[in-house]
>>> print(open('work_38.txt').read())   # compact mmCIF, C-alpha atoms
# COMPACT_ATOMS: atom_id res chain seq x y z
CA GLN A 1 -58.05 -2.33 -46.05
CA GLN A 2 -58.68 -3.47 -42.50
CA GLN A 3 -56.42 -6.43 -43.10
CA GLN A 4 -53.74 -4.12 -44.45
CA GLN A 5 -53.97 -1.96 -41.32
CA GLN A 6 -53.61 -5.01 -39.11
CA GLN A 7 -50.52 -6.07 -41.05
CA GLN A 8 -49.02 -2.59 -40.62
CA GLN A 9 -49.75 -2.66 -36.87
CA GLN A 10 -48.12 -6.07 -36.58
CA GLN A 11 -45.07 -4.83 -38.45
CA GLN A 12 -44.87 -1.78 -36.18
CA LEU A 13 -45.12 -3.99 -33.12
CA ALA A 14 -42.45 -6.29 -34.47
CA THR A 15 -40.19 -3.34 -35.25
CA ALA A 16 -40.73 -1.89 -31.78
CA SER A 17 -40.07 -5.25 -30.19
CA THR A 18 -36.87 -5.64 -32.20
CA GLY A 19 -35.76 -2.13 -31.19
CA THR A 20 -36.46 -2.85 -27.54
CA ALA A 21 -34.54 -6.12 -27.72
CA SER A 22 -31.62 -4.36 -29.37
CA ARG A 23 -31.55 -1.69 -26.70
CA GLN A 24 -31.77 -4.30 -23.98
CA LEU A 25 -28.92 -6.26 -25.59
CA ALA A 26 -26.80 -3.10 -25.84
CA ALA A 27 -27.53 -2.21 -22.24
CA SER A 28 -26.62 -5.72 -21.16
CA MET A 29 -23.35 -5.57 -23.10
CA VAL A 30 -22.46 -2.23 -21.55
CA ALA A 31 -23.21 -3.60 -18.10
CA ASP A 32 -21.08 -6.69 -18.78
CA LEU A 33 -18.22 -4.56 -20.08
CA SER A 34 -18.43 -2.27 -17.05
CA LYS A 35 -18.35 -5.30 -14.77
CA ILE A 36 -15.33 -6.73 -16.60
CA ALA A 37 -13.54 -3.38 -16.45
CA SER A 38 -14.30 -3.07 -12.74
CA GLU A 39 -13.06 -6.60 -12.05
CA TYR A 40 -9.93 -5.90 -14.12
CA ASN A 41 -9.24 -2.70 -12.17
CA ASP A 42 -9.79 -4.51 -8.87
CA HIS A 43 -7.43 -7.28 -9.94
CA ARG A 44 -4.81 -4.79 -11.13
CA ASN A 45 -5.07 -2.77 -7.93
CA ALA A 46 -4.71 -5.93 -5.85
CA LEU A 47 -1.64 -6.92 -7.87
CA PHE A 48 -0.08 -3.47 -7.45
CA ASP A 49 -0.74 -3.58 -3.71
CA LYS A 50 0.97 -6.97 -3.46
CA LEU A 51 4.01 -5.66 -5.30
CA SER A 52 4.13 -2.63 -3.00
CA ASP A 53 3.84 -4.92 0.01
CA LEU A 54 6.70 -7.03 -1.32
CA LEU A 55 8.93 -3.95 -1.50
CA HIS A 56 7.89 -2.92 1.99
CA ASP A 57 8.63 -6.41 3.31
CA ARG A 58 12.15 -6.27 1.88
CA PHE A 59 12.66 -2.88 3.51
CA ALA A 60 11.40 -4.20 6.85
CA PHE A 61 13.82 -7.13 6.61
CA HIS A 62 16.85 -4.90 6.00
CA ALA A 63 15.69 -2.12 8.34
CA LYS A 64 15.55 -4.56 11.23
CA LYS A 65 19.32 -4.90 11.01
CA TRP A 66 19.91 -1.30 9.99
CA LEU A 67 18.13 0.12 13.02
CA SER A 68 19.24 -2.41 15.62
CA ALA A 69 22.91 -3.10 14.91
CA ALA A 70 25.63 -0.48 15.29
CA HIS A 71 27.29 1.19 12.32
CA PRO A 72 30.84 0.26 11.34
CA GLU A 73 33.50 2.24 13.15
CA LEU A 74 34.93 5.25 11.30
CA GLU A 75 38.53 6.32 10.99
CA ALA A 76 39.30 9.64 12.66
CA ASP A 77 39.79 11.46 9.33
CA SER A 78 37.32 9.44 7.23
CA LEU A 79 34.85 12.34 6.99
CA ALA A 80 37.40 15.09 6.43
CA TRP A 81 36.16 15.64 2.87
CA LEU A 82 32.71 16.54 4.18
CA PHE A 83 33.90 19.49 6.20
CA SER A 84 36.17 21.25 3.74
CA GLU A 85 34.62 24.50 2.57
CA GLU A 86 36.25 24.19 -0.85
CA PRO A 87 37.03 20.53 -1.56
CA GLY A 88 39.63 20.09 -4.27
CA ALA A 89 38.36 18.94 -7.61
CA GLU A 90 41.26 16.57 -8.18
CA GLY A 91 40.56 13.21 -6.58
CA GLN A 92 37.37 14.51 -5.04
CA GLU A 93 35.24 11.64 -6.28
CA ALA A 94 37.57 9.09 -4.74
CA GLN A 95 37.59 10.93 -1.43
CA GLU A 96 33.85 11.45 -1.18
CA ARG A 97 32.95 8.00 0.03
CA LEU A 98 30.17 7.60 2.49
CA GLN A 99 30.47 4.69 4.88
CA PRO A 100 26.90 3.49 5.35
CA HIS A 101 25.45 0.77 7.49
CA GLU A 102 26.20 -2.61 5.96
CA ALA A 103 22.48 -3.50 5.71
CA LEU A 104 21.88 -0.79 3.11
CA ASN A 105 23.77 -2.39 0.24
CA SER A 106 21.27 -5.25 0.15
CA LEU A 107 18.35 -2.82 0.37
CA VAL A 108 19.69 -0.88 -2.63
CA GLU A 109 20.07 -4.14 -4.54
CA ASP A 110 16.48 -5.24 -3.83
CA ILE A 111 14.97 -1.87 -4.83
CA THR A 112 17.02 -1.72 -8.03
CA LYS A 113 16.10 -5.28 -9.06
CA MET A 114 12.41 -4.64 -8.49
CA TYR A 115 12.57 -1.37 -10.43
CA ARG A 116 14.19 -2.98 -13.46
CA ALA A 117 11.85 -5.97 -13.43
CA LEU A 118 8.69 -3.86 -13.21
CA PHE A 119 9.73 -1.44 -15.95
CA LYS A 120 10.07 -4.39 -18.33
CA THR A 121 6.40 -5.33 -17.97
CA LEU A 122 4.43 -2.29 -16.72
CA THR A 123 3.90 1.31 -17.75
CA GLY A 124 5.85 4.08 -16.07
CA ASP A 125 2.74 5.36 -14.30
CA SER A 126 2.02 1.92 -12.88
CA VAL A 127 5.59 1.51 -11.63
CA ARG A 128 5.51 4.94 -9.98
CA ARG A 129 2.24 4.08 -8.30
CA ILE A 130 3.66 0.82 -6.91
CA PHE A 131 6.80 2.48 -5.57
CA ALA A 132 4.94 5.52 -4.23
CA LYS A 133 2.80 3.32 -2.00
CA ALA A 134 5.78 1.18 -0.98
CA PHE A 135 7.89 4.24 -0.10
CA GLU A 136 5.06 5.77 1.89
CA ASP A 137 4.81 2.56 3.92
CA MET A 138 8.60 2.44 4.30
CA ALA A 139 8.71 5.99 5.66
CA SER A 140 6.01 5.14 8.17
CA LYS A 141 7.85 1.97 9.24
CA PHE A 142 11.10 3.92 9.56
CA ASP A 143 9.38 6.49 11.76
CA GLN A 144 7.92 3.82 14.03
CA GLN A 145 11.26 2.09 14.43
CA LEU A 146 13.07 5.34 15.12
CA ILE A 147 10.81 5.91 18.11
CA GLN A 148 12.00 2.58 19.49
CA VAL A 149 15.62 3.39 18.62
CA ALA A 150 15.40 6.70 20.48
CA GLN A 151 14.16 4.92 23.59
CA GLU A 152 16.14 1.68 23.57
CA PHE A 153 19.27 1.88 21.39
CA SER A 154 22.37 1.98 23.58
CA THR A 155 24.68 3.94 21.18
CA PRO A 156 27.97 2.19 22.01
CA THR A 157 31.21 4.14 21.86
CA PRO A 158 32.72 3.48 19.44
CA PRO A 159 31.37 3.76 16.79
CA TYR A 160 29.31 6.69 18.06
CA GLU A 161 30.90 9.83 19.47
CA ASP A 162 29.80 13.23 20.66
CA LYS A 163 31.09 15.09 17.62
CA LEU A 164 29.94 16.15 14.19
CA GLY A 165 29.56 13.23 11.81
CA PHE A 166 29.83 10.52 14.46
CA THR A 167 26.52 10.60 16.35
CA LEU A 168 23.75 8.11 15.60
CA GLY A 169 21.66 10.83 13.99
CA ASP A 170 24.57 11.97 11.83
CA ARG A 171 25.28 8.40 10.74
CA PHE A 172 21.61 7.92 9.80
CA ALA A 173 21.76 11.13 7.75
CA GLN A 174 24.83 9.76 5.96
CA ASP A 175 22.91 6.52 5.37
CA VAL A 176 20.10 8.44 3.66
CA ALA A 177 22.71 10.30 1.59
CA PHE A 178 24.16 6.94 0.56
CA LEU A 179 20.73 5.64 -0.47
CA ARG A 180 20.12 8.76 -2.53
CA THR A 181 23.50 8.45 -4.24
CA GLU A 182 22.90 4.80 -5.11
CA LEU A 183 19.27 5.17 -6.23
CA GLU A 184 19.19 8.59 -7.88
CA ASN A 185 19.64 7.02 -11.33
CA LEU A 186 16.23 5.33 -11.07
CA SER A 187 14.73 8.26 -12.94
CA GLY A 188 11.32 6.67 -13.44
CA ILE A 189 10.58 6.93 -9.71
CA SER A 190 12.55 10.09 -8.89
CA THR A 191 9.57 11.88 -7.34
CA PRO A 192 8.40 9.17 -4.90
CA ILE A 193 11.95 8.22 -3.94
CA GLY A 194 12.84 11.85 -3.31
CA ARG A 195 9.83 12.11 -1.03
CA LEU A 196 11.00 9.01 0.84
CA PHE A 197 14.39 10.57 1.58
CA GLN A 198 12.81 13.81 2.72
CA ASP A 199 10.46 11.92 5.04
CA MET A 200 13.32 9.88 6.47
CA LEU A 201 15.38 12.98 7.21
CA GLN A 202 12.42 14.65 8.85
CA HIS A 203 11.80 11.61 11.05
CA ILE A 204 15.47 11.53 12.07
CA GLN A 205 15.29 15.18 13.08
CA VAL A 206 12.07 14.73 15.04
CA ARG A 207 12.56 11.35 16.70
CA LEU A 208 16.19 11.37 17.85
CA PRO A 209 16.49 13.45 21.04
CA ALA A 210 18.60 16.59 20.74
CA SER A 211 19.37 16.23 24.45
CA ASP A 212 21.30 12.98 23.87
CA PRO A 213 24.78 13.90 22.58
CA LEU A 214 25.34 10.45 21.09
CA LYS A 215 22.02 10.28 19.23
CA ALA A 216 21.31 13.86 18.18
CA LEU A 217 21.45 14.91 14.53
CA HIS A 218 23.62 17.99 14.07
CA PRO A 219 22.05 20.59 11.75
CA ALA A 220 25.55 21.11 10.33
CA MET A 221 25.53 17.48 9.18
CA LEU A 222 22.47 18.07 7.03
CA SER A 223 23.70 21.37 5.63
CA THR A 224 27.08 19.85 4.80
CA LEU A 225 25.58 16.89 2.95
CA GLN A 226 23.36 19.31 1.07
CA ARG A 227 26.30 21.56 0.22
CA VAL A 228 28.26 18.71 -1.36
CA GLY A 229 25.20 17.53 -3.24
CA ARG A 230 24.58 14.32 -1.33
CA LEU A 231 21.17 15.40 -0.01
CA PRO A 232 18.46 17.63 -1.50
CA GLU A 233 17.52 20.90 0.09
CA ALA A 234 14.86 20.56 2.77
CA ARG A 235 11.25 21.18 1.80
CA THR A 236 9.78 24.49 2.87
CA ALA A 237 6.51 24.81 4.80
CA ALA A 238 4.81 25.98 1.61
CA GLN A 239 6.01 22.90 -0.25
CA GLU A 240 4.77 20.67 2.56
CA ASP A 241 1.31 22.25 2.38
CA GLY A 242 1.25 21.90 -1.39
>>> encode(input="work_38.txt", output="structure tokens")
Amino acid sequence: QQQQQQQQQQQQLATASTGTASRQLAASMVADLSKIASEYNDHRNALFDKLSDLLHDRFAFHAKKWLSAAHPELEADSLAWLFSEEPGAEGQEAQERLQPHEALNSLVEDITKMYRALFKTLTGDSVRRIFAKAFEDMASKFDQQLIQVAQEFSTPTPPYEDKLGFTLGDRFAQDVAFLRTELENLSGISTPIGRLFQDMLQHIQVRLPASDPLKALHPAMLSTLQRVGRLPEARTAAQEDG
């Protein structure tokens, strides 16, 4: 009987030891999986950051020309369609042609190519995350450069004039309207790109001095572009806080 009890104790010890080993193995596997998941997330985040930085670098390249070289000269009646209270429906599309800075066509091309390439390989949420960070950095870069523009840009005449639609600020607003028109079909990033345009418009309003007649943005320029559907309505204070 004593021998039988010893055998039972040994079996119990063996069972306990096996259970402990199993729990330790499970704990080790969970720890390994957690480490792998963490390393994967770190790698993914680093990759997303690099893609965002690539977009920002392309913006910085094009913005250097955009914000340092003068706009093309406008014809005297080239913006007539903007200021008609009731533009005619017939031929309206052909008439409503913004004349942006020449650097912006290449910027639109780079953003569109990146968008299409990323959506082929990544989820929509991942693409939005990449562009959201890139656009936030772009808006900050734009703001910084506008400060320099306000202080140093000489605003030659022509192309800039002291009248609605022809000041530097008005031309920048038309540039943003052009970007929105060209990029609004990128529906997968509509929210972050809309925020970019709003930020750009706000920076133009704040940074370009209202006291300089060749640089100031006319409020009527914004309202007109909004009326014809080329720019979204401005965000309210409540929306900003939200």
>>> residues_around(input="work_38.txt", residues="His101 (chain A)", least_positions_apart="5", cutoff="10 Å", atoms="all atoms listed in the file", output="VMD selection string")
chain A and resid 65 to 67 69 to 73 171 to 172 174 to 175 178
>>> write_last_selection(input="work_38.txt", atoms="C-alpha atoms", output="compact mmCIF listing (two decimals), keeping the file's coordinate frame")
# COMPACT_ATOMS: atom_id res chain seq x y z
CA LYS A 65 19.32 -4.90 11.01
CA TRP A 66 19.91 -1.30 9.99
CA LEU A 67 18.13 0.12 13.02
CA ALA A 69 22.91 -3.10 14.91
CA ALA A 70 25.63 -0.48 15.29
CA HIS A 71 27.29 1.19 12.32
CA PRO A 72 30.84 0.26 11.34
CA GLU A 73 33.50 2.24 13.15
CA ARG A 171 25.28 8.40 10.74
CA PHE A 172 21.61 7.92 9.80
CA GLN A 174 24.83 9.76 5.96
CA ASP A 175 22.91 6.52 5.37
CA PHE A 178 24.16 6.94 0.56
>>> residues_around(input="work_38.txt", residues="region 179-191 of chain A", least_positions_apart="3", cutoff="10 Å", atoms="only C-alpha atoms", output="MDAnalysis selection string")
chainID A and resid 98 100 104:105 107:109 111:112 115:116 119 124:125 127:132 173:176 194:197 229:232
>>> atom_distance(input="work_38.txt", atom1="CA of His62 (chain A)", atom2="CA of Ala103 (chain A)")
5.8 Å
>>> residues_around(input="work_38.txt", residues="region 57-60 of chain A", least_positions_apart="2", cutoff="10 Å", atoms="all atoms listed in the file", output="number ranges by chain")
A: 51-55, 62-66, 104, 106-108, 110-111, 134-135, 137-139, 141-142, 145
>>> residues_around(input="work_38.txt", residues="Leu217 (chain A)", least_positions_apart="6", cutoff="10 Å", atoms="all atoms listed in the file", output="short mmCIF file (atom, residue, chain, number, x, y, z; two decimals) with C-alpha atoms, in the frame of the given file")
data_model
loop_
_atom_site.label_atom_id
_atom_site.label_comp_id
_atom_site.auth_asym_id
_atom_site.auth_seq_id
_atom_site.Cartn_x
_atom_site.Cartn_y
_atom_site.Cartn_z
CA LEU A 164 29.94 16.15 14.19
CA GLY A 165 29.56 13.23 11.81
CA PHE A 166 29.83 10.52 14.46
CA THR A 167 26.52 10.60 16.35
CA LEU A 168 23.75 8.11 15.60
CA GLY A 169 21.66 10.83 13.99
CA ASP A 170 24.57 11.97 11.83
CA ARG A 171 25.28 8.40 10.74
CA PHE A 172 21.61 7.92 9.80
CA ALA A 173 21.76 11.13 7.75
CA LEU A 201 15.38 12.98 7.21
CA ILE A 204 15.47 11.53 12.07
CA GLN A 205 15.29 15.18 13.08
CA VAL A 206 12.07 14.73 15.04
CA ARG A 207 12.56 11.35 16.70
CA LEU A 208 16.19 11.37 17.85
CA PRO A 209 16.49 13.45 21.04
CA ALA A 210 18.60 16.59 20.74
#
>>> atom_distance(input="work_38.txt", atom1="CA of Glu75 (chain A)", atom2="CA of Glu233 (chain A)")
27.8 Å
>>> atom_distance(input="work_38.txt", atom1="CA of Gln144 (chain A)", atom2="CA of Lys113 (chain A)")
26.1 Å
>>> closest_residue(input="work_38.txt", among="A:His218, A:Lys50, A:Leu82, A:Tyr160", to="Lys133 (chain A)", atoms="only C-alpha atoms")
A:Lys50
>>> build_atoms(input="work_38.txt", residues="region 126-137 of chain A", atoms="all heavy atoms", output="PDB file, keeping the file's coordinate frame")
ATOM      1  N   SER A 126       2.303   3.036 -13.774  1.00  0.00           N
ATOM      2  CA  SER A 126       2.020   1.920 -12.880  1.00  0.00           C
ATOM      3  C   SER A 126       3.188   1.666 -11.930  1.00  0.00           C
ATOM      4  O   SER A 126       3.004   1.429 -10.736  1.00  0.00           O
ATOM      5  CB  SER A 126       1.726   0.649 -13.684  1.00  0.00           C
ATOM      6  OG  SER A 126       0.546   0.794 -14.459  1.00  0.00           O
ATOM      7  N   VAL A 127       4.406   1.733 -12.462  1.00  0.00           N
ATOM      8  CA  VAL A 127       5.590   1.510 -11.630  1.00  0.00           C
ATOM      9  C   VAL A 127       5.694   2.596 -10.560  1.00  0.00           C
ATOM     10  O   VAL A 127       5.972   2.311  -9.387  1.00  0.00           O
ATOM     11  CB  VAL A 127       6.864   1.474 -12.490  1.00  0.00           C
ATOM     12  CG1 VAL A 127       8.106   1.382 -11.600  1.00  0.00           C
ATOM     13  CG2 VAL A 127       6.816   0.291 -13.449  1.00  0.00           C
ATOM     14  N   ARG A 128       5.462   3.842 -10.959  1.00  0.00           N
ATOM     15  CA  ARG A 128       5.510   4.940  -9.980  1.00  0.00           C
ATOM     16  C   ARG A 128       4.467   4.758  -8.894  1.00  0.00           C
ATOM     17  O   ARG A 128       4.719   5.041  -7.718  1.00  0.00           O
ATOM     18  CB  ARG A 128       5.334   6.285 -10.694  1.00  0.00           C
ATOM     19  CG  ARG A 128       6.604   6.784 -11.368  1.00  0.00           C
ATOM     20  CD  ARG A 128       6.424   8.169 -11.921  1.00  0.00           C
ATOM     21  NE  ARG A 128       5.552   8.172 -13.087  1.00  0.00           N
ATOM     22  CZ  ARG A 128       5.970   7.927 -14.329  1.00  0.00           C
ATOM     23  NH1 ARG A 128       7.246   7.657 -14.552  1.00  0.00           N
ATOM     24  NH2 ARG A 128       5.133   7.964 -15.351  1.00  0.00           N
ATOM     25  N   ARG A 129       3.303   4.301  -9.283  1.00  0.00           N
ATOM     26  CA  ARG A 129       2.240   4.080  -8.300  1.00  0.00           C
ATOM     27  C   ARG A 129       2.641   3.002  -7.291  1.00  0.00           C
ATOM     28  O   ARG A 129       2.433   3.152  -6.090  1.00  0.00           O
ATOM     29  CB  ARG A 129       0.960   3.669  -9.021  1.00  0.00           C
ATOM     30  CG  ARG A 129      -0.177   3.297  -8.098  1.00  0.00           C
ATOM     31  CD  ARG A 129      -1.407   2.914  -8.887  1.00  0.00           C
ATOM     32  NE  ARG A 129      -2.434   2.354  -8.027  1.00  0.00           N
ATOM     33  CZ  ARG A 129      -3.593   1.891  -8.477  1.00  0.00           C
ATOM     34  NH1 ARG A 129      -3.880   1.946  -9.767  1.00  0.00           N
ATOM     35  NH2 ARG A 129      -4.474   1.388  -7.637  1.00  0.00           N
ATOM     36  N   ILE A 130       3.238   1.912  -7.785  1.00  0.00           N
ATOM     37  CA  ILE A 130       3.660   0.820  -6.910  1.00  0.00           C
ATOM     38  C   ILE A 130       4.717   1.316  -5.920  1.00  0.00           C
ATOM     39  O   ILE A 130       4.631   1.075  -4.713  1.00  0.00           O
ATOM     40  CB  ILE A 130       4.204  -0.355  -7.749  1.00  0.00           C
ATOM     41  CG1 ILE A 130       3.052  -1.013  -8.524  1.00  0.00           C
ATOM     42  CG2 ILE A 130       4.908  -1.375  -6.860  1.00  0.00           C
ATOM     43  CD1 ILE A 130       3.517  -1.966  -9.613  1.00  0.00           C
ATOM     44  N   PHE A 131       5.717   2.005  -6.435  1.00  0.00           N
ATOM     45  CA  PHE A 131       6.800   2.480  -5.570  1.00  0.00           C
ATOM     46  C   PHE A 131       6.337   3.584  -4.639  1.00  0.00           C
ATOM     47  O   PHE A 131       6.817   3.674  -3.501  1.00  0.00           O
ATOM     48  CB  PHE A 131       7.980   2.942  -6.416  1.00  0.00           C
ATOM     49  CG  PHE A 131       8.913   1.839  -6.804  1.00  0.00           C
ATOM     50  CD1 PHE A 131       8.756   1.159  -8.008  1.00  0.00           C
ATOM     51  CD2 PHE A 131       9.957   1.463  -5.976  1.00  0.00           C
ATOM     52  CE1 PHE A 131       9.605   0.135  -8.377  1.00  0.00           C
ATOM     53  CE2 PHE A 131      10.821   0.438  -6.323  1.00  0.00           C
ATOM     54  CZ  PHE A 131      10.645  -0.232  -7.523  1.00  0.00           C
ATOM     55  N   ALA A 132       5.427   4.432  -5.092  1.00  0.00           N
ATOM     56  CA  ALA A 132       4.940   5.520  -4.230  1.00  0.00           C
ATOM     57  C   ALA A 132       4.285   4.954  -2.983  1.00  0.00           C
ATOM     58  O   ALA A 132       4.531   5.432  -1.869  1.00  0.00           O
ATOM     59  CB  ALA A 132       3.970   6.405  -5.006  1.00  0.00           C
ATOM     60  N   LYS A 133       3.444   3.935  -3.156  1.00  0.00           N
ATOM     61  CA  LYS A 133       2.800   3.320  -2.000  1.00  0.00           C
ATOM     62  C   LYS A 133       3.835   2.613  -1.116  1.00  0.00           C
ATOM     63  O   LYS A 133       3.790   2.715   0.119  1.00  0.00           O
ATOM     64  CB  LYS A 133       1.738   2.320  -2.436  1.00  0.00           C
ATOM     65  CG  LYS A 133       0.995   1.670  -1.262  1.00  0.00           C
ATOM     66  CD  LYS A 133      -0.041   0.680  -1.737  1.00  0.00           C
ATOM     67  CE  LYS A 133      -0.824   0.093  -0.558  1.00  0.00           C
ATOM     68  NZ  LYS A 133       0.061  -0.598   0.418  1.00  0.00           N
ATOM     69  N   ALA A 134       4.748   1.896  -1.747  1.00  0.00           N
ATOM     70  CA  ALA A 134       5.780   1.180  -0.980  1.00  0.00           C
ATOM     71  C   ALA A 134       6.624   2.158  -0.175  1.00  0.00           C
ATOM     72  O   ALA A 134       6.906   1.930   1.014  1.00  0.00           O
ATOM     73  CB  ALA A 134       6.652   0.362  -1.918  1.00  0.00           C
ATOM     74  N   PHE A 135       7.045   3.261  -0.787  1.00  0.00           N
ATOM     75  CA  PHE A 135       7.890   4.240  -0.100  1.00  0.00           C
ATOM     76  C   PHE A 135       7.138   4.943   1.026  1.00  0.00           C
ATOM     77  O   PHE A 135       7.726   5.269   2.057  1.00  0.00           O
ATOM     78  CB  PHE A 135       8.442   5.245  -1.093  1.00  0.00           C
ATOM     79  CG  PHE A 135       9.474   4.680  -2.027  1.00  0.00           C
ATOM     80  CD1 PHE A 135       9.686   5.250  -3.279  1.00  0.00           C
ATOM     81  CD2 PHE A 135      10.234   3.575  -1.675  1.00  0.00           C
ATOM     82  CE1 PHE A 135      10.642   4.739  -4.132  1.00  0.00           C
ATOM     83  CE2 PHE A 135      11.188   3.045  -2.519  1.00  0.00           C
ATOM     84  CZ  PHE A 135      11.390   3.631  -3.764  1.00  0.00           C
ATOM     85  N   GLU A 136       5.866   5.176   0.820  1.00  0.00           N
ATOM     86  CA  GLU A 136       5.060   5.770   1.890  1.00  0.00           C
ATOM     87  C   GLU A 136       5.007   4.838   3.099  1.00  0.00           C
ATOM     88  O   GLU A 136       5.152   5.278   4.250  1.00  0.00           O
ATOM     89  CB  GLU A 136       3.645   6.055   1.378  1.00  0.00           C
ATOM     90  CG  GLU A 136       2.746   6.740   2.390  1.00  0.00           C
ATOM     91  CD  GLU A 136       1.366   7.044   1.838  1.00  0.00           C
ATOM     92  OE1 GLU A 136       1.179   6.954   0.598  1.00  0.00           O
ATOM     93  OE2 GLU A 136       0.467   7.372   2.639  1.00  0.00           O
ATOM     94  N   ASP A 137       4.820   3.547   2.836  1.00  0.00           N
ATOM     95  CA  ASP A 137       4.810   2.560   3.920  1.00  0.00           C
ATOM     96  C   ASP A 137       6.192   2.434   4.568  1.00  0.00           C
ATOM     97  O   ASP A 137       6.308   2.271   5.786  1.00  0.00           O
ATOM     98  CB  ASP A 137       4.354   1.196   3.388  1.00  0.00           C
ATOM     99  CG  ASP A 137       2.903   1.191   2.950  1.00  0.00           C
ATOM    100  OD1 ASP A 137       2.151   2.091   3.376  1.00  0.00           O
ATOM    101  OD2 ASP A 137       2.513   0.295   2.166  1.00  0.00           O
TER     102      ASP A 137
END
